[in-house]
Amino acid sequence: MTRICSVLALLALLAFATPADASTKIDYGPISHKGLKKLGGISSSKKLTLQLGLIANQSGLQKAVKAASNPASSSYGKYPSLSTLQSKYGASSSKRKGVVNAFKKQSIKATIDVTHLRATATVTIGKAKKLFGTKWAVYEAKSGAHVALPVNTPKAPSGIKGNVDTIAGTRLQLTNGSSSAFAGGTPTRTGTPNLGCTPGSYPSAAASANGLFPNQILTAYGIAPLQAAGLQGQGVRLAIVGEAPTPASDVNAFRSCFGT
């Protein structure tokens, strides 16, 4: 189970991370106002959960993971442990301290994850305005959905600038008075999904622009060629990380729809 959790955590970090160096611009995710109508301001007490990708040895990490995923490699199946991620590939002490201290100046506690690849901090929009030098406002999409976005492109303060390459969570989805932040990645579907039975059985899932379908995940992580070579995960234990218990009906529906 420890090995499975380590691999799952590693895949999540790779999906979040981008190759970077000290001069890399920060990716703030989907904060474009294109196609949106500005409605007005938003309460400064609303909170954003920010996840910051630290500049680290991403190229070395990606090479290690590719080798561990290649059956022809002597490292096949030997994924880096969490301690190795931290010591060999994680961000330097100065970069971690720079980010933590930048938030500390605003009386905000930022935490560094065990791999030293990511930092997390919860901030009010009022504090975010001071940190990033821009206001937030509410915008309306053509679908009628409301979202809070920074009015201008955020400007990272000293300590964050040069130490991170990604800041996710500056976009706040608003629905019926509640709110939720995008935790990172691209919230729109790309490529051509194999919809399986969803058009007839789950039309809302088929029509949604959110999430990925199994065939897209196989392509994104290069899994399809491994399956074509006969590596179907025989003998591997699978852990579903999330809320428990997992409804058996959901698992059966997925199996039925996509042949798993």
# chains A, B, ... in the order shown; residues from 1 in each chain; ligands from 1
call {"tool": "residues_around", "arguments": {"residues": "A:Thr192", "least_positions_apart": "3", "cutoff": "12 Å", "atoms": "only C-alpha atoms", "output": "JSON, numbers by chain"}}
result
{"A": [189, 195, 206, 209, 212, 213, 214, 215, 216, 217, 219]}
call {"tool": "select_by_dssp", "arguments": {"residues": "stretch 60-256 of chain A", "states": "alpha helix (DSSP H)", "output": "VMD selection string"}}
result
chain A and resid 60 to 68 82 to 84 93 to 104 125 to 132 198 to 201 203 to 207 214 to 220 223 to 228 248 to 256
call {"tool": "closest_residue", "arguments": {"among": "A:Ala121, A:Leu149, A:Val99, A:Leu131", "to": "A:Lys34", "atoms": "only C-alpha atoms"}}
result
A:Leu149
call {"tool": "select_by_dssp", "arguments": {"residues": "stretch 80-221 of chain A", "states": "strand (DSSP E or B)", "output": "ChimeraX atom specification"}}
result
/A:110-112,118-124,136-140,146-150,158,161,164-168,172-175,178-181
call {"tool": "residues_around", "arguments": {"residues": "stretch 60-62 of chain A", "least_positions_apart": "4", "cutoff": "9 Å", "atoms": "only C-alpha atoms", "output": "list of chain:residue names"}}
result
A:Leu14, A:Lys66, A:Ala67, A:Pro80, A:Leu85, A:Lys88, A:Tyr89
call {"tool": "residues_around", "arguments": {"residues": "A:Asn152", "least_positions_apart": "5", "cutoff": "10 Å", "atoms": "only C-alpha atoms", "output": "PDB file with N, CA, C and O atoms, in the first residue's frame"}}
result
ATOM      1  N   ILE A  31      -7.004  32.005 -15.789  1.00  0.00           N
ATOM      2  CA  ILE A  31      -7.494  33.268 -15.224  1.00  0.00           C
ATOM      3  C   ILE A  31      -7.874  34.271 -16.321  1.00  0.00           C
ATOM      4  O   ILE A  31      -8.075  35.449 -16.034  1.00  0.00           O
ATOM      5  N   SER A  32      -8.006  33.801 -17.555  1.00  0.00           N
ATOM      6  CA  SER A  32      -8.383  34.693 -18.649  1.00  0.00           C
ATOM      7  C   SER A  32      -9.828  35.167 -18.486  1.00  0.00           C
ATOM      8  O   SER A  32     -10.696  34.430 -18.017  1.00  0.00           O
ATOM      9  N   HIS A  33     -10.087  36.415 -18.877  1.00  0.00           N
ATOM     10  CA  HIS A  33     -11.438  36.981 -18.822  1.00  0.00           C
ATOM     11  C   HIS A  33     -12.185  36.819 -20.149  1.00  0.00           C
ATOM     12  O   HIS A  33     -13.317  37.286 -20.280  1.00  0.00           O
ATOM     13  N   PHE A 132      -0.327  39.996  -4.329  1.00  0.00           N
ATOM     14  CA  PHE A 132      -0.147  39.927  -5.773  1.00  0.00           C
ATOM     15  C   PHE A 132      -0.450  41.231  -6.506  1.00  0.00           C
ATOM     16  O   PHE A 132      -0.401  41.279  -7.735  1.00  0.00           O
ATOM     17  N   GLY A 133      -0.771  42.282  -5.769  1.00  0.00           N
ATOM     18  CA  GLY A 133      -0.920  43.599  -6.381  1.00  0.00           C
ATOM     19  C   GLY A 133      -2.067  43.740  -7.359  1.00  0.00           C
ATOM     20  O   GLY A 133      -1.970  44.519  -8.319  1.00  0.00           O
ATOM     21  N   THR A 134      -3.153  43.012  -7.150  1.00  0.00           N
ATOM     22  CA  THR A 134      -4.315  43.145  -8.025  1.00  0.00           C
ATOM     23  C   THR A 134      -5.587  42.826  -7.254  1.00  0.00           C
ATOM     24  O   THR A 134      -5.563  42.050  -6.293  1.00  0.00           O
ATOM     25  N   LYS A 135      -6.695  43.417  -7.684  1.00  0.00           N
ATOM     26  CA  LYS A 135      -7.994  43.128  -7.092  1.00  0.00           C
ATOM     27  C   LYS A 135      -8.564  41.862  -7.722  1.00  0.00           C
ATOM     28  O   LYS A 135      -8.117  41.417  -8.775  1.00  0.00           O
ATOM     29  N   TRP A 136      -9.595  41.310  -7.060  1.00  0.00           N
ATOM     30  CA  TRP A 136     -10.371  40.205  -7.619  1.00  0.00           C
ATOM     31  C   TRP A 136     -11.777  40.728  -7.909  1.00  0.00           C
ATOM     32  O   TRP A 136     -12.266  41.636  -7.224  1.00  0.00           O
ATOM     33  N   ALA A 137     -12.429  40.180  -8.930  1.00  0.00           N
ATOM     34  CA  ALA A 137     -13.794  40.579  -9.264  1.00  0.00           C
ATOM     35  C   ALA A 137     -14.582  39.352  -9.689  1.00  0.00           C
ATOM     36  O   ALA A 137     -14.014  38.294  -9.998  1.00  0.00           O
TER      37      ALA A 137
END
call {"tool": "closest_residue", "arguments": {"among": "A:Thr246, A:Pro193, A:Ser87, A:Ser75", "to": "A:Ser208", "atoms": "only C-alpha atoms"}}
result
A:Pro193
